[in-house]
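For reference, protein.pdb (PDB, C-alpha atoms and all ligand atoms):
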```
MODEL        1
ATOM      1  CA  MET A 191      28.712 135.159 119.395
ATOM      2  CA  LYS A 192      30.838 138.089 118.116
ATOM      3  CA  SER A 193      30.995 141.243 120.309
ATOM      4  CA  ALA A 194      32.930 144.443 120.879
ATOM      5  CA  VAL A 195      34.949 144.971 124.060
ATOM      6  CA  ILE A 196      33.362 147.617 126.291
ATOM      7  CA  LYS A 197      35.399 148.176 129.431
ATOM      8  CA  ASN A 198      34.420 151.625 130.638
ATOM      9  CA  TRP A 199      30.644 151.726 130.314
ATOM     10  CA  ASP A 200      30.008 151.518 134.054
ATOM     11  CA  ASN A 201      33.467 152.614 135.166
ATOM     12  CA  LYS A 202      32.627 155.481 137.569
ATOM     13  CA  THR A 203      30.017 157.009 135.220
ATOM     14  CA  TRP A 204      26.398 158.065 135.890
ATOM     15  CA  LEU A 205      25.523 154.494 134.870
ATOM     16  CA  SER A 206      27.178 153.172 138.022
ATOM     17  CA  SER A 207      26.144 156.047 140.310
ATOM     18  CA  TYR A 208      24.110 155.419 143.481
ATOM     19  CA  ASN A 209      21.152 157.476 142.195
ATOM     20  CA  TYR A 210      21.063 155.793 138.788
ATOM     21  CA  ILE A 211      21.147 152.291 140.253
ATOM     22  CA  LYS A 212      18.455 153.145 142.838
ATOM     23  CA  SER A 213      16.224 154.683 140.208
ATOM     24  CA  PHE A 214      16.768 151.772 137.788
ATOM     25  CA  ASN A 215      16.036 149.165 140.463
ATOM     26  CA  LYS A 216      12.924 151.091 141.518
ATOM     27  CA  PHE A 217      11.718 150.737 137.923
ATOM     28  CA  LEU A 218      12.456 146.979 137.964
ATOM     29  CA  SER A 219      10.682 146.518 141.315
ATOM     30  CA  LYS A 220       7.632 148.425 140.091
ATOM     31  CA  ASN A 221       7.329 146.094 137.117
ATOM     32  CA  THR A 222       8.212 142.744 138.720
ATOM     33  CA  LYS A 223       6.914 140.749 141.668
ATOM     34  CA  PHE A 224      10.130 139.898 143.481
ATOM     35  CA  ARG A 225      10.334 137.422 146.369
ATOM     36  CA  SER A 226      13.278 136.762 148.646
ATOM     37  CA  ASN A 227      13.927 133.520 146.710
ATOM     38  CA  SER A 228      13.721 135.123 143.249
ATOM     39  CA  LYS A 229      16.403 133.932 140.851
ATOM     40  CA  ILE A 230      17.946 136.648 138.711
ATOM     41  CA  LEU A 231      20.245 136.448 135.698
ATOM     42  CA  ASP A 232      21.906 139.520 134.159
ATOM     43  CA  ILE A 233      23.303 138.955 130.654
ATOM     44  CA  GLY A 234      26.110 141.428 129.851
ATOM     45  CA  CYS A 235      26.193 142.542 133.486
ATOM     46  CA  GLY A 236      29.369 144.662 133.235
ATOM     47  CA  ARG A 237      30.517 145.205 136.835
ATOM     48  CA  GLY A 238      27.221 143.801 138.149
ATOM     49  CA  LYS A 239      26.430 146.809 140.383
ATOM     50  CA  ILE A 240      22.739 146.865 139.393
ATOM     51  CA  ILE A 241      21.889 143.291 140.372
ATOM     52  CA  GLY A 242      24.280 143.561 143.349
ATOM     53  CA  ASP A 243      22.200 146.434 144.701
ATOM     54  CA  LEU A 244      18.969 144.568 143.884
ATOM     55  CA  SER A 245      20.235 141.600 145.874
ATOM     56  CA  SER A 246      20.819 143.765 148.972
ATOM     57  CA  GLN A 247      17.572 145.665 148.568
ATOM     58  CA  LEU A 248      15.468 142.501 148.251
ATOM     59  CA  ASN A 249      17.526 140.509 150.708
ATOM     60  CA  LEU A 250      17.798 137.751 148.126
ATOM     61  CA  LYS A 251      18.552 134.267 149.449
ATOM     62  CA  ILE A 252      20.240 133.250 146.205
ATOM     63  CA  LYS A 253      23.017 135.412 144.758
ATOM     64  CA  PRO A 254      21.988 136.792 141.349
ATOM     65  CA  ILE A 255      24.081 135.515 138.451
ATOM     66  CA  GLY A 256      25.849 137.988 136.188
ATOM     67  CA  ILE A 257      27.505 136.917 132.971
ATOM     68  CA  ASP A 258      29.829 138.972 130.835
ATOM     69  CA  LEU A 259      32.697 138.551 128.399
ATOM     70  CA  ILE A 260      34.855 140.738 130.646
ATOM     71  CA  ASN A 261      35.816 139.838 134.189
ATOM     72  CA  HIS A 262      36.375 143.248 135.873
ATOM     73  CA  ILE A 263      38.529 143.245 139.017
ATOM     74  CA  ASP A 264      36.147 145.733 140.652
ATOM     75  CA  LYS A 265      32.982 143.726 139.956
ATOM     76  CA  ASP A 266      30.245 143.566 142.608
ATOM     77  CA  LYS A 267      30.857 140.998 145.350
ATOM     78  CA  ARG A 268      27.150 140.379 145.938
ATOM     79  CA  ILE A 269      26.719 138.554 142.632
ATOM     80  CA  LYS A 270      27.870 135.200 141.287
ATOM     81  CA  PHE A 271      29.890 136.247 138.253
ATOM     82  CA  ILE A 272      30.461 133.921 135.310
ATOM     83  CA  LYS A 273      32.793 134.962 132.511
ATOM     84  CA  LYS A 274      30.949 133.603 129.510
ATOM     85  CA  ASP A 275      29.376 134.520 126.255
ATOM     86  CA  ALA A 276      25.583 134.729 126.672
ATOM     87  CA  LEU A 277      24.750 131.743 124.458
ATOM     88  CA  SER A 278      27.487 129.463 125.825
ATOM     89  CA  PHE A 279      26.142 130.050 129.345
ATOM     90  CA  PHE A 280      22.882 128.346 128.405
ATOM     91  CA  MET A 281      24.679 125.281 127.014
ATOM     92  CA  ASN A 282      25.344 123.983 130.542
ATOM     93  CA  ASN A 283      22.726 125.831 132.567
ATOM     94  CA  LYS A 284      20.183 123.825 134.532
ATOM     95  CA  GLN A 285      18.597 126.642 136.551
ATOM     96  CA  LYS A 286      15.349 128.482 135.860
ATOM     97  CA  PHE A 287      15.131 132.231 136.447
ATOM     98  CA  ASP A 288      12.383 134.624 137.548
ATOM     99  CA  LEU A 289      14.028 137.619 135.936
ATOM    100  CA  ILE A 290      16.479 137.705 133.046
ATOM    101  CA  LEU A 291      17.894 141.172 132.507
ATOM    102  CA  ILE A 292      19.611 142.168 129.259
ATOM    103  CA  LYS A 293      20.508 145.824 129.663
ATOM    104  CA  GLN A 294      22.141 147.798 126.874
ATOM    105  CA  THR A 295      23.760 144.680 125.474
ATOM    106  CA  ILE A 296      21.337 143.334 122.835
ATOM    107  CA  HIS A 297      22.574 145.823 120.187
ATOM    108  CA  LEU A 298      26.002 144.199 120.341
ATOM    109  CA  LEU A 299      24.630 140.917 118.990
ATOM    110  CA  SER A 300      23.678 139.766 115.493
ATOM    111  CA  LEU A 301      19.990 139.217 114.697
ATOM    112  CA  ASN A 302      20.636 135.491 114.507
ATOM    113  CA  SER A 303      22.226 135.509 117.983
ATOM    114  CA  ILE A 304      19.367 137.635 119.352
ATOM    115  CA  LYS A 305      16.852 135.088 118.090
ATOM    116  CA  LYS A 306      18.780 132.201 119.671
ATOM    117  CA  LEU A 307      19.290 134.137 122.900
ATOM    118  CA  VAL A 308      15.615 135.063 123.288
ATOM    119  CA  ASN A 309      14.690 131.400 122.729
ATOM    120  CA  GLU A 310      17.202 130.238 125.336
ATOM    121  CA  CYS A 311      16.048 132.886 127.818
ATOM    122  CA  LYS A 312      12.410 131.794 127.383
ATOM    123  CA  LYS A 313      13.351 128.133 127.891
ATOM    124  CA  ASN A 314      15.227 129.022 131.071
ATOM    125  CA  LEU A 315      12.473 131.108 132.695
ATOM    126  CA  ASN A 316      10.205 129.985 135.524
ATOM    127  CA  THR A 317       6.512 129.838 134.576
ATOM    128  CA  ASP A 318       5.739 133.426 135.583
ATOM    129  CA  GLY A 319       9.275 134.704 134.903
ATOM    130  CA  LYS A 320      10.049 137.715 132.719
ATOM    131  CA  ILE A 321      12.813 138.882 130.395
ATOM    132  CA  PHE A 322      13.581 142.611 130.517
ATOM    133  CA  ILE A 323      15.500 143.922 127.513
ATOM    134  CA  PHE A 324      16.653 147.544 127.775
ATOM    135  CA  THR A 325      18.095 149.500 124.898
ATOM    136  CA  LEU A 326      18.696 153.199 124.151
ATOM    137  CA  ASP A 327      15.426 154.758 122.989
ATOM    138  CA  PRO A 328      16.204 155.180 119.263
ATOM    139  CA  PHE A 329      13.350 157.671 118.882
ATOM    140  CA  LYS A 330      14.465 159.950 121.682
ATOM    141  CA  ASN A 331      18.210 160.002 122.086
ATOM    142  CA  GLU A 332      19.798 162.885 123.988
ATOM    143  CA  ILE A 333      23.343 161.564 124.589
ATOM    144  CA  PRO A 334      25.662 164.593 124.040
ATOM    145  CA  SER A 335      27.691 163.893 120.926
ATOM    146  CA  PHE A 336      30.230 165.383 118.561
ATOM    147  CA  GLU A 337      29.411 165.309 114.823
ATOM    148  CA  LEU A 338      31.135 162.011 113.933
ATOM    149  CA  MET A 339      29.747 160.346 117.079
ATOM    150  CA  LYS A 340      26.262 161.636 116.224
ATOM    151  CA  LYS A 341      26.549 160.197 112.710
ATOM    152  CA  LYS A 342      27.652 156.785 113.978
ATOM    153  CA  LEU A 343      25.123 156.812 116.815
ATOM    154  CA  LYS A 344      22.367 157.591 114.314
ATOM    155  CA  ARG A 345      23.348 154.541 112.276
ATOM    156  CA  SER A 346      23.442 152.359 115.359
ATOM    157  CA  LEU A 347      20.038 153.688 116.523
ATOM    158  CA  GLN A 348      18.624 152.804 113.102
ATOM    159  CA  ARG A 349      19.759 149.245 113.747
ATOM    160  CA  ASP A 350      18.193 149.408 117.240
ATOM    161  CA  LYS A 351      14.860 150.285 115.621
ATOM    162  CA  MET A 352      15.234 147.162 113.517
ATOM    163  CA  ILE A 353      16.070 145.090 116.613
ATOM    164  CA  LEU A 354      12.954 146.406 118.373
ATOM    165  CA  LYS A 355      10.850 145.454 115.357
ATOM    166  CA  PHE A 356      12.532 142.050 115.246
ATOM    167  CA  LEU A 357      11.769 141.483 118.948
ATOM    168  CA  SER A 358       8.115 142.317 118.450
ATOM    169  CA  GLN A 359       7.988 139.858 115.546
ATOM    170  CA  LEU A 360       9.530 137.179 117.781
ATOM    171  CA  ASP A 361       6.914 137.790 120.462
ATOM    172  CA  SER A 362       3.698 139.616 119.635
ATOM    173  CA  SER A 363       2.589 139.552 123.298
ATOM    174  CA  LYS A 364       5.565 141.709 124.325
ATOM    175  CA  ASN A 365       5.001 144.711 126.507
ATOM    176  CA  SER A 366       7.099 147.852 126.250
ATOM    177  CA  LYS A 367       7.875 150.570 128.777
ATOM    178  CA  LYS A 368      10.153 153.576 129.026
ATOM    179  CA  PHE A 369      12.796 154.336 131.588
ATOM    180  CA  PHE A 370      14.577 157.658 131.769
ATOM    181  CA  TYR A 371      17.191 159.115 134.072
ATOM    182  CA  LYS A 372      17.937 162.820 134.390
ATOM    183  CA  VAL A 373      21.710 163.109 134.012
ATOM    184  CA  LYS A 374      23.628 166.058 135.411
ATOM    185  CA  ILE A 375      27.353 165.703 134.842
ATOM    186  CA  THR A 376      30.316 168.053 134.613
ATOM    187  CA  LYS A 377      31.719 168.476 131.120
ATOM    188  CA  LYS A 378      35.096 167.445 132.535
ATOM    189  CA  LYS A 379      33.718 164.079 133.668
ATOM    190  CA  TYR A 380      31.844 163.537 130.413
ATOM    191  CA  LEU A 381      34.977 164.273 128.387
ATOM    192  CA  LYS A 382      36.748 161.609 130.444
ATOM    193  CA  MET A 383      33.969 159.170 129.512
ATOM    194  CA  ILE A 384      34.484 159.998 125.835
ATOM    195  CA  GLN A 385      38.235 159.552 126.261
ATOM    196  CA  ASN A 386      37.522 156.146 127.859
ATOM    197  CA  ARG A 387      35.226 155.240 124.918
ATOM    198  CA  PHE A 388      32.324 154.435 127.257
ATOM    199  CA  ILE A 389      29.827 153.704 124.463
ATOM    200  CA  SER A 390      30.273 151.132 121.665
ATOM    201  CA  THR A 391      29.992 153.826 118.960
ATOM    202  CA  LEU A 392      33.353 155.222 120.107
ATOM    203  CA  LEU A 393      35.222 151.908 120.100
ATOM    204  CA  PRO A 394      36.311 151.808 116.434
ATOM    205  CA  MET A 395      37.346 155.493 116.295
ATOM    206  CA  THR A 396      40.985 156.525 115.904
ATOM    207  CA  LYS A 397      42.810 158.488 118.664
ATOM    208  CA  LYS A 398      42.677 161.560 116.423
ATOM    209  CA  GLN A 399      38.889 161.270 115.926
ATOM    210  CA  ILE A 400      38.403 160.980 119.704
ATOM    211  CA  SER A 401      40.644 163.967 120.479
ATOM    212  CA  ASN A 402      38.882 166.083 117.814
ATOM    213  CA  GLY A 403      35.554 165.012 119.293
ATOM    214  CA  ILE A 404      36.690 166.049 122.756
ATOM    215  CA  LYS A 405      37.661 169.507 121.429
ATOM    216  CA  GLU A 406      34.278 169.799 119.696
ATOM    217  CA  ILE A 407      32.291 168.914 122.840
ATOM    218  CA  ASP A 408      34.439 171.250 124.912
ATOM    219  CA  LEU A 409      33.500 174.141 122.613
ATOM    220  CA  LYS A 410      29.848 173.180 122.133
ATOM    221  CA  PHE A 411      28.677 172.576 125.724
ATOM    222  CA  ASN A 412      28.572 174.462 129.037
ATOM    223  CA  LYS A 413      30.470 173.343 132.134
ATOM    224  CA  ILE A 414      27.509 171.246 133.312
ATOM    225  CA  LEU A 415      25.705 168.879 130.957
ATOM    226  CA  LYS A 416      22.046 168.123 131.591
ATOM    227  CA  PHE A 417      20.099 165.607 129.512
ATOM    228  CA  ASN A 418      17.846 162.576 129.799
ATOM    229  CA  ASP A 419      19.207 159.075 129.347
ATOM    230  CA  ASN A 420      16.191 157.469 127.666
ATOM    231  CA  LEU A 421      15.761 153.709 127.452
ATOM    232  CA  ILE A 422      13.082 151.484 125.968
ATOM    233  CA  CYS A 423      12.316 148.341 127.926
ATOM    234  CA  ILE A 424      10.821 145.305 126.204
ATOM    235  CA  ILE A 425       9.265 142.794 128.567
ATOM    236  CA  LEU A 426       8.885 139.236 127.320
ATOM    237  CA  LYS A 427       7.192 136.331 129.061
ATOM    238  CA  LYS A 428       7.746 132.591 128.776
ATOM    239  CA  ASN A 429       5.030 132.169 126.183
TER     240      ASN A 429
HETATM  241  C1  LIG A 501      27.059 148.623 127.273
HETATM  242  S1  LIG A 501      27.586 147.436 128.416
HETATM  243  C2  LIG A 501      26.197 147.294 129.522
HETATM  244  C3  LIG A 501      26.589 146.804 130.903
HETATM  245  C4  LIG A 501      25.414 146.683 131.887
HETATM  246  N1  LIG A 501      24.400 145.794 131.417
HETATM  247  C5  LIG A 501      24.814 148.057 132.161
HETATM  248  O1  LIG A 501      23.824 148.416 131.520
HETATM  249  O2  LIG A 501      25.364 148.797 133.002
HETATM  250  C6  LIG A 501      27.466 145.926 127.482
HETATM  251  C7  LIG A 501      28.072 144.728 128.193
HETATM  252  O3  LIG A 501      27.738 143.540 127.482
HETATM  253  C8  LIG A 501      28.859 142.666 127.479
HETATM  254  N2  LIG A 501      28.695 141.738 126.363
HETATM  255  C9  LIG A 501      28.771 142.017 125.040
HETATM  256  N3  LIG A 501      28.548 140.921 124.310
HETATM  257  C10 LIG A 501      28.310 139.895 125.178
HETATM  258  C11 LIG A 501      28.037 138.515 125.022
HETATM  259  N4  LIG A 501      27.952 137.953 123.807
HETATM  260  N5  LIG A 501      27.868 137.756 126.126
HETATM  261  C12 LIG A 501      27.965 138.331 127.368
HETATM  262  N6  LIG A 501      28.224 139.643 127.573
HETATM  263  C13 LIG A 501      28.403 140.415 126.495
HETATM  264  C14 LIG A 501      30.027 143.620 127.355
HETATM  265  O4  LIG A 501      31.240 143.039 127.749
HETATM  266  C15 LIG A 501      29.592 144.772 128.263
HETATM  267  O5  LIG A 501      29.996 144.598 129.583
ENDMDL
END
```

As a first step, turn the structure in this file into structure tokens.
Amino acid sequence: MKSAVIKNWDNKTWLSSYNYIKSFNKFLSKNTKFRSNSKILDIGCGRGKIIGDLSSQLNLKIKPIGIDLINHIDKDKRIKFIKKDALSFFMNNKQKFDLILIKQTIHLLSLNSIKKLVNECKKNLNTDGKIFIFTLDPFKNEIPSFELMKKKLKRSLQRDKMILKFLSQLDSSKNSKKFFYKVKITKKKYLKMIQNRFISTLLPMTKKQISNGIKEIDLKFNKILKFNDNLICIILKKN
């Protein structure tokens, strides 16, 4: 499975903040019946802070498993981390899960890989298990952007719309929900995130394009940035 290398997504950003994680896990808990022996798998877990917090909150008996292509040194200690590509993980897996989380990772995969991955996830679910796939809401994106970033983001959100359509064709019984988080961040911190190329759209840009983008955002926005981080959540069941 071919993928880009995203190192700074949850590196001290709002996406790894205490409030974001609490609010995200509240959403998961509202939409899932967790037990203390629930088995959780997070595909593309990054630093694993979300399922780490979930594990503490639910007092899970079994450590949740997080898989990612990148093994961060500051990953969460409350998870069992496996450095693997999503599809290769399932080649040797013998466990069944109650929740499989794929958060802001599906857009990095090809349609063919998505199809294979959804099939594998379904096969590896417990009878009443669920797959939660989160992706940026392509119909309501508010991520502050400079012109080039906006152009590239628009293209990537077009593809996300196609992925959402593809997922509903794969499973007509799917359920969809919305999750949003009110972000309040200093421009200084956000510019650092841009510099660190936190989002995949920024990865292929040249140094010059990033530094021009930083100048543009600096001119365009006030000292404090306020916006909603809007996600769509697709919930799939075993069958
Ligand atoms: C945008 S980040 C999201 C991280 C985390 N899920 C979150 O929402 O905070 C995408 C993550 O997916 C990982 N990833 C990309 N392709 C992958 C693959 N084929 N198998 C496993 N992980 C992958 C990346 O390394 C990255 O950590």

(message) Applying 12 Å and only C-alpha atoms, which residues near Lys378 in chain A remain after dropping the ones on its own chain fewer than 4 positions away? List them as a list in words.
(response)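 In the requested form, the answer reads Thr203, Lys374, Lys382, Met383, Ile384, Gln385, Ile404, Lys405, Ile407, Asp408, Phe411, Asn412, Lys413, Ile414 and Leu415 of chain A.
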
Within 7 Å of Lys239 in chain A using all atoms listed in the file, minus same-chain residues under 4 positions, as an mmCIF file with C-alpha atoms, keeping the file's coordinate frame:
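Okay, this is what ended up in out-v7.cif:
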```cif
data_model
loop_
_atom_site.group_PDB
_atom_site.id
_atom_site.type_symbol
_atom_site.label_atom_id
_atom_site.label_comp_id
_atom_site.auth_asym_id
_atom_site.auth_seq_id
_atom_site.Cartn_x
_atom_site.Cartn_y
_atom_site.Cartn_z
ATOM 1 C CA SER A 206 27.178 153.172 138.022
ATOM 2 C CA ASP A 243 22.200 146.434 144.701
ATOM 3 C CA ASP A 266 30.245 143.566 142.608
#
```

(request) Convert the output of the PyMOL selection byres (((not hetatm)) within 7 of (chain A and resi 501)) on the shown file into explicit residues, formatted as a PyMOL selection string. (result) chain A and resi 191-197+199-200+205-206+233-236+257-260+274-277+292-295+298-299+389-390

(request) Go ahead and find all residues with at least one atom no further than 6 Å from (25.2, 134.7, 136.4) in the file's coordinates, using only C-alpha atoms; report them as an MDAnalysis selection string. (result) chainID A and resid 231 255:257 270:272

(request) Just say which residues the PyMOL selection byres (((chain A and resi 416-423) around 6) and not hetatm) picks in this file, as a list in words. (result)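 Listing what the PyMOL selection byres (((chain A and resi 416-423) around 6) and not hetatm) selects in the shown file: Ile323, Phe324, Thr325, Leu326, Asp327, Ser366, Lys367, Lys368, Phe369, Phe370, Tyr371, Lys372, Val373, Lys374, Leu415 and Ile424 of chain A.
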
Which centre and edge lengths in Å to one decimal define the box along x, y and z that fits every listed atom of range 274-289 of chain A plus 5 Å per side, as JSON?
```
{"center_x": 21.7, "center_y": 130.7, "center_z": 131.0, "size_x": 28.6, "size_y": 23.8, "size_z": 23.1}
```

(message) I need the output of the PyMOL selection byres (((chain A and resi 287) around 8) and not hetatm) for this file as an NGL selection string; which residues are they?
(response) :A and (228-231 or 285-286 or 288-290 or 314-316 or 319)

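The coordinates place CA of Ile240 in chain A at 15.6 Å from CA of Asn221 in chain A.
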
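Here CA of Asn402 in chain A and CA of Met339 in chain A stand 10.8 Å from one another.
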
(request) Using all atoms listed in the file, find the one residue out of A:Ile333, A:Ser245, A:Ile321, A:Asp264 that sits nearest to Ile375 in chain A. (result)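 The answer is A:Ile333, which sits nearest to Ile375 in chain A.
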
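Atom pair CA of Lys267 in chain A / CA of Lys212 in chain A has a distance of 17.5 Å (rounded to one decimal).
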
(request) Go through A:Ile263, A:Ile400, A:Leu360, A:Leu392 and flag the residue nearest Asn201 in chain A, using only C-alpha atoms for the distances. (result) A:Ile263

(message) Please determine, counting only C-alpha atoms, which residue among A:Lys253, A:Lys427, A:Lys342, A:Lys410 has the shortest atom-to-atom distance to Met395 in chain A.
(response)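 The shortest atom-to-atom distance to Met395 in chain A comes from A:Lys342.
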
(request) Find the residue from A:Met352, A:Lys377, A:Met281, A:Ile425 that sits nearest to Ser335 in chain A; use only C-alpha atoms when measuring. (result)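 Residue with the minimum atom-to-atom distance to Ser335 in chain A: A:Lys377.
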
(request) Please provide the set of residues having any atom within 10 Å of Gln348 in chain A, restricted to all atoms listed in the file, with same-chain residues fewer than 5 positions apart removed, written as a ChimeraX atom specification. (result) /A:328-329,342-343,353

For Leu244 in chain A: contacts at 9 Å, all atoms listed in the file, fewer than 2 positions along chain excluded, given as a tab-separated table (two decimals) with C-alpha atoms, keeping the file's coordinate frame:
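So out06.tsv came out as:
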```
chain	number	residue	atom	x	y	z
A	211	ILE	CA	21.15	152.29	140.25
A	212	LYS	CA	18.45	153.15	142.84
A	215	ASN	CA	16.04	149.16	140.46
A	219	SER	CA	10.68	146.52	141.32
A	239	LYS	CA	26.43	146.81	140.38
A	240	ILE	CA	22.74	146.86	139.39
A	241	ILE	CA	21.89	143.29	140.37
A	242	GLY	CA	24.28	143.56	143.35
A	246	SER	CA	20.82	143.76	148.97
A	247	GLN	CA	17.57	145.66	148.57
A	248	LEU	CA	15.47	142.50	148.25
A	249	ASN	CA	17.53	140.51	150.71
A	250	LEU	CA	17.80	137.75	148.13
A	254	PRO	CA	21.99	136.79	141.35
```

(message) Between A:Thr396, A:Leu409, A:Phe279, A:Val308, which residue has the minimum interatomic distance to Ser358 in chain A, considering all atoms listed in the file?
(response)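 Among A:Thr396, A:Leu409, A:Phe279, A:Val308, it is A:Val308 that comes nearest to Ser358 in chain A.
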
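Take the candidates A:Ser207, A:Lys223, A:Leu381, A:Leu393 and check each one against Phe336 in chain A using all atoms listed in the file; the shortest distance goes to A:Leu381.
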
(request) Name the residues within 7 Å of (19.5, 145.8, 117.4), counting all atoms listed in the file in the file's coordinates, and put them as an NGL selection string. (result) :A and (296-297 or 349-354)
